[in-house]
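Asks: Okay, here's the structure, questions in a sec.
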Amino acid sequence: MNPRVDAPAVESAPSARVRRFSRAERWVHRITAALMGVCVVTAACLYIPQLAELVGRRALVVTVHEWSGLLLPLPVLAGLASRAFRADMTHLNRWGPHDGVWLRKALRRVPGARPAAKFNAGQKLYAAWITGATLVMLGTGLMMWFTHLTPLVWRTSATFVHDWLALTIGIVLAGHIGMALGDPEARKGLRTGSVSREWAEREHPLWRS
Amino acid sequence: MGRRVVLGTLGLGALGLVAAPGLQRGLESFLGEAADKDPTGLTGLLPNGGGFRYYSVTSSVPRKDESTYRLTIDGLVDRPASYTLDELRALPQTRMVRDVQCVTGWRVPHTPFEGVRLSRLLDLAGVRSSAGAIRFTCFDGAYTESLTLDQARRADVMVALRMQDKDLSHNHGGPVRLYVAPMYFYKSAKWLSGITVTQKVKPGYWEERGYDVDAWVGKSNGRDDEPTS
């Protein structure tokens, strides 16, 4: 029998869904996203003149920004208690030859399938970069917050790094969200924990082999 | 691999801290020139893009004009007074062109301010011998500032009515703001409505929240900017 004829029936069966994220992982992502969202919105209200004029309340906005930033790493740290989360951290940290192929194809916009395991090379780079960038923002943010704890010259430098990195994070984050908006099945994976078999085999062919 | 990217990003952040003073100077001059040729004004939104930033500590600030604005002078004075905008304009005006330096780092060079020297208003009110400081209040309902009497009597401290050769706009603290040229800009209280002569300095709004009371540019708040006055 031609397997293609069977395909629709298989897709509609419950077994056609593939488990991708545990409940703990989904909550880590949700809370991190919420805190990051608060950071970005309050930052915009402090920084963009039109929003600053609209919102005012500078002391309050600063406090909300400081605390959401300080709490931002906590969901990931709490996630370390979950075995599934630790396993995915290992997946994200591991770079194979197929990741190089994926990245080259993506950068040169070669059409067609790109090889990826559970996470593709772009997701691996994003995860690692946003982790480092968040820690740099946390460090420079603390220098600006507790102004009397660090040597004097550092503070202006911290403001400089914090401002420019914020702008960079804003752009990269917009890319992250834009890509999620373009891929409903990927979003479903983070919302429900499972994705269709067809999507998994197309986007992450090396994941389950 | 992931770990290397994380560490690399952290390393770049640290490198940025070290290189920041030089990079910042370069960017300020580059963006300053670019802003002159940029019709969209988007360069002004970039960090170090130059220009003023808007800060308010309250949710909304009432607007005051010729008919509603009053500046009161009271406390330890012989002749308490209340000035309208026209009365302030009728007093001798002083014009000063200095750099404006904010404690958060931005600086606007060669900014003209025009108004009445604070010392003149104090002399007109007759400051009593027991006085030692001034407390400023604002019609945003929250902001306060302070100066010692000696600081307030300096020639480069004024009650400003005009900035950049235009009447002070609402967003710049108009119609009347304080202008303390030698100090960080948070001392130059916007939306000034009250001058009270007191015995001792009472820390102002941001000073209650950790800023230095004596806010000399380059010699306070842990900063080493070029002095502005």
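So you can find residues: chains in the structure tokens are A, B, ... in the order shown, residues in each start at 1, and ligands are numbered from 1 in order.
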Using only C-alpha atoms, find the residues of chain B whose closest atom to chain A is at most 6 Å away, then write them as a list of chain:residue names.

Replies: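 Applying the cut-off to the listed atoms yields B:Met1, B:Gly2, B:Val5, B:Val6, B:Thr9, B:Leu10, B:Gly13, B:Leu17, B:Ala20, B:Tyr54, B:Ser56, B:Val57, B:Thr58, B:Ser59, B:Gly222.
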
Asks: How would the residues just picked look written out with N, CA and C atoms as a JSON list (two decimals), in the first residue's frame?

Replies:
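As a result, result36.json now contains:
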[["chain", "number", "residue", "atom", "x", "y", "z"],
["B", 1, "MET", "N", 29.87, 24.22, 22.61],
["B", 1, "MET", "CA", 29.63, 25.32, 21.66],
["B", 1, "MET", "C", 28.76, 26.40, 22.30],
["B", 2, "GLY", "N", 27.61, 25.98, 22.84],
["B", 2, "GLY", "CA", 26.72, 26.94, 23.49],
["B", 2, "GLY", "C", 27.45, 27.67, 24.59],
["B", 5, "VAL", "N", 29.68, 30.33, 23.30],
["B", 5, "VAL", "CA", 28.98, 31.56, 22.88],
["B", 5, "VAL", "C", 28.60, 32.39, 24.11],
["B", 6, "VAL", "N", 28.12, 31.70, 25.17],
["B", 6, "VAL", "CA", 27.77, 32.42, 26.40],
["B", 6, "VAL", "C", 28.98, 33.16, 26.94],
["B", 9, "THR", "N", 29.97, 36.08, 24.74],
["B", 9, "THR", "CA", 29.13, 37.26, 24.93],
["B", 9, "THR", "C", 29.52, 38.00, 26.21],
["B", 10, "LEU", "N", 29.77, 37.21, 27.28],
["B", 10, "LEU", "CA", 30.20, 37.84, 28.53],
["B", 10, "LEU", "C", 31.52, 38.58, 28.33],
["B", 13, "GLY", "N", 30.98, 41.77, 26.57],
["B", 13, "GLY", "CA", 30.40, 42.74, 27.50],
["B", 13, "GLY", "C", 31.49, 43.40, 28.34],
["B", 17, "LEU", "N", 32.86, 47.33, 28.44],
["B", 17, "LEU", "CA", 33.04, 48.18, 29.62],
["B", 17, "LEU", "C", 34.39, 48.89, 29.58],
["B", 20, "ALA", "N", 34.49, 51.41, 26.67],
["B", 20, "ALA", "CA", 33.36, 52.36, 26.60],
["B", 20, "ALA", "C", 33.76, 53.83, 26.53],
["B", 54, "TYR", "N", 13.57, 63.36, 28.21],
["B", 54, "TYR", "CA", 12.46, 63.80, 29.05],
["B", 54, "TYR", "C", 12.35, 62.92, 30.28],
["B", 56, "SER", "N", 10.15, 62.69, 33.96],
["B", 56, "SER", "CA", 9.20, 63.23, 34.93],
["B", 56, "SER", "C", 8.95, 62.20, 35.99],
["B", 57, "VAL", "N", 8.79, 62.64, 37.24],
["B", 57, "VAL", "CA", 8.58, 61.68, 38.33],
["B", 57, "VAL", "C", 7.10, 61.46, 38.61],
["B", 58, "THR", "N", 6.23, 62.20, 37.94],
["B", 58, "THR", "CA", 4.80, 62.00, 38.17],
["B", 58, "THR", "C", 4.13, 61.55, 36.88],
["B", 59, "SER", "N", 2.86, 61.13, 36.99],
["B", 59, "SER", "CA", 2.20, 60.57, 35.81],
["B", 59, "SER", "C", 1.81, 61.65, 34.82],
["B", 222, "GLY", "N", 30.02, 60.31, 41.89],
["B", 222, "GLY", "CA", 31.01, 59.37, 41.36],
["B", 222, "GLY", "C", 31.33, 59.56, 39.90]]

Asks: May I have the residues within 7 Å of segment 189-202 of chain B as a PyMOL selection string, using only C-alpha atoms and disregarding those fewer than 5 positions away in the same chain?

Replies: chain B and resi 70-77+130-140+145-148+172-178

Asks: As a ChimeraX atom specification, please: all residues of segment 5-197 of chain B that backbone DSSP puts in alpha helix (DSSP H).

Replies: /B:5-36,85-90,118-125,149-152

Asks: Write out as an mmCIF file with N, CA and C atoms, in the first residue's frame the residues lying within 7 Å of segment 211-220 of chain B, counting only C-alpha atoms and excluding same-chain residues fewer than 5 positions away.

Replies:
data_model
loop_
_atom_site.group_PDB
_atom_site.id
_atom_site.type_symbol
_atom_site.label_atom_id
_atom_site.label_comp_id
_atom_site.auth_asym_id
_atom_site.auth_seq_id
_atom_site.Cartn_x
_atom_site.Cartn_y
_atom_site.Cartn_z
ATOM 1 N N PRO B 182 26.334 75.045 37.360
ATOM 2 C CA PRO B 182 27.514 74.236 37.695
ATOM 3 C C PRO B 182 27.178 72.841 38.204
ATOM 4 N N MET B 183 25.896 72.499 38.308
ATOM 5 C CA MET B 183 25.557 71.205 38.905
ATOM 6 C C MET B 183 24.850 70.291 37.901
ATOM 7 N N TYR B 184 24.786 68.992 38.262
ATOM 8 C CA TYR B 184 24.062 68.047 37.419
ATOM 9 C C TYR B 184 22.617 68.501 37.274
ATOM 10 N N PRO B 203 17.167 67.380 51.763
ATOM 11 C CA PRO B 203 17.435 66.731 50.470
ATOM 12 C C PRO B 203 16.192 66.693 49.581
ATOM 13 N N TRP B 206 15.315 63.325 44.158
ATOM 14 C CA TRP B 206 16.268 62.273 43.774
ATOM 15 C C TRP B 206 17.333 62.074 44.852
ATOM 16 N N ASP B 225 32.879 64.101 34.807
ATOM 17 C CA ASP B 225 32.631 64.902 33.603
ATOM 18 C C ASP B 225 33.380 66.223 33.677
ATOM 19 N N GLU B 226 33.607 66.821 32.506
ATOM 20 C CA GLU B 226 34.132 68.185 32.437
ATOM 21 C C GLU B 226 33.179 69.117 33.179
ATOM 22 N N PRO B 227 33.684 70.012 34.022
ATOM 23 C CA PRO B 227 32.793 70.973 34.685
ATOM 24 C C PRO B 227 32.014 71.794 33.650
ATOM 25 N N THR B 228 30.791 72.217 34.026
ATOM 26 C CA THR B 228 29.956 72.969 33.089
ATOM 27 C C THR B 228 29.965 74.458 33.369
#

Asks: May I have all residues of chain A that DSSP, computed from the backbone, assigns to strand (DSSP E or B), given as a ChimeraX atom specification?

Replies: /A:17-19,194-196

Asks: With C-alpha atoms retained, write the just-selected residues as a PDB file, in the first residue's frame.

Replies:
ATOM      1  CA  ARG A  17       1.631  14.247  18.060  1.00  0.00           C
ATOM      2  CA  VAL A  18       5.200  14.191  19.247  1.00  0.00           C
ATOM      3  CA  ARG A  19       6.094  15.292  22.765  1.00  0.00           C
ATOM      4  CA  SER A 194       3.647  18.584  21.599  1.00  0.00           C
ATOM      5  CA  VAL A 195       4.049  19.090  17.856  1.00  0.00           C
ATOM      6  CA  SER A 196       2.850  17.189  14.807  1.00  0.00           C
TER       7      SER A 196
END

Asks: Give me the residues within 8 Å of Val157 of chain B as a list of chain:residue names, counting only C-alpha atoms and dropping any in the same chain fewer than 4 places off.

Replies: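 Final neighbour list, sorted by chain and number: B:Arg117, B:Leu118, B:Ser119, B:Gln151, B:Ala152, B:Arg153, B:Leu178, B:Tyr179, B:Val180, B:Ala181.
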
Asks: Could the residues in this selection be saved with C-alpha atoms as a PDB file, in the first residue's frame?

Replies:
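Listed below is the output, result07.pdb:
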ATOM      1  CA  ARG B 117      19.234  85.539  38.753  1.00  0.00           C
ATOM      2  CA  LEU B 118      18.037  83.734  41.873  1.00  0.00           C
ATOM      3  CA  SER B 119      20.169  86.086  43.999  1.00  0.00           C
ATOM      4  CA  GLN B 151      25.112  78.101  46.224  1.00  0.00           C
ATOM      5  CA  ALA B 152      21.823  79.886  45.546  1.00  0.00           C
ATOM      6  CA  ARG B 153      23.533  83.267  45.489  1.00  0.00           C
ATOM      7  CA  LEU B 178      15.405  76.470  37.969  1.00  0.00           C
ATOM      8  CA  TYR B 179      18.789  76.470  36.216  1.00  0.00           C
ATOM      9  CA  VAL B 180      21.841  75.602  38.313  1.00  0.00           C
ATOM     10  CA  ALA B 181      24.612  75.751  35.706  1.00  0.00           C
TER      11      ALA B 181
END

Asks: Record the distance separating atom CA of Pro73 of chain A and atom CA of Leu35 of chain A, expressed in Å with one decimal.

Replies: 9.3 Å

Asks: Separation of atom CA of Leu103 of chain A and atom CA of Ala117 of chain A, in Å?

Replies: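 Computing it gives 13.0 Å between the two atoms.
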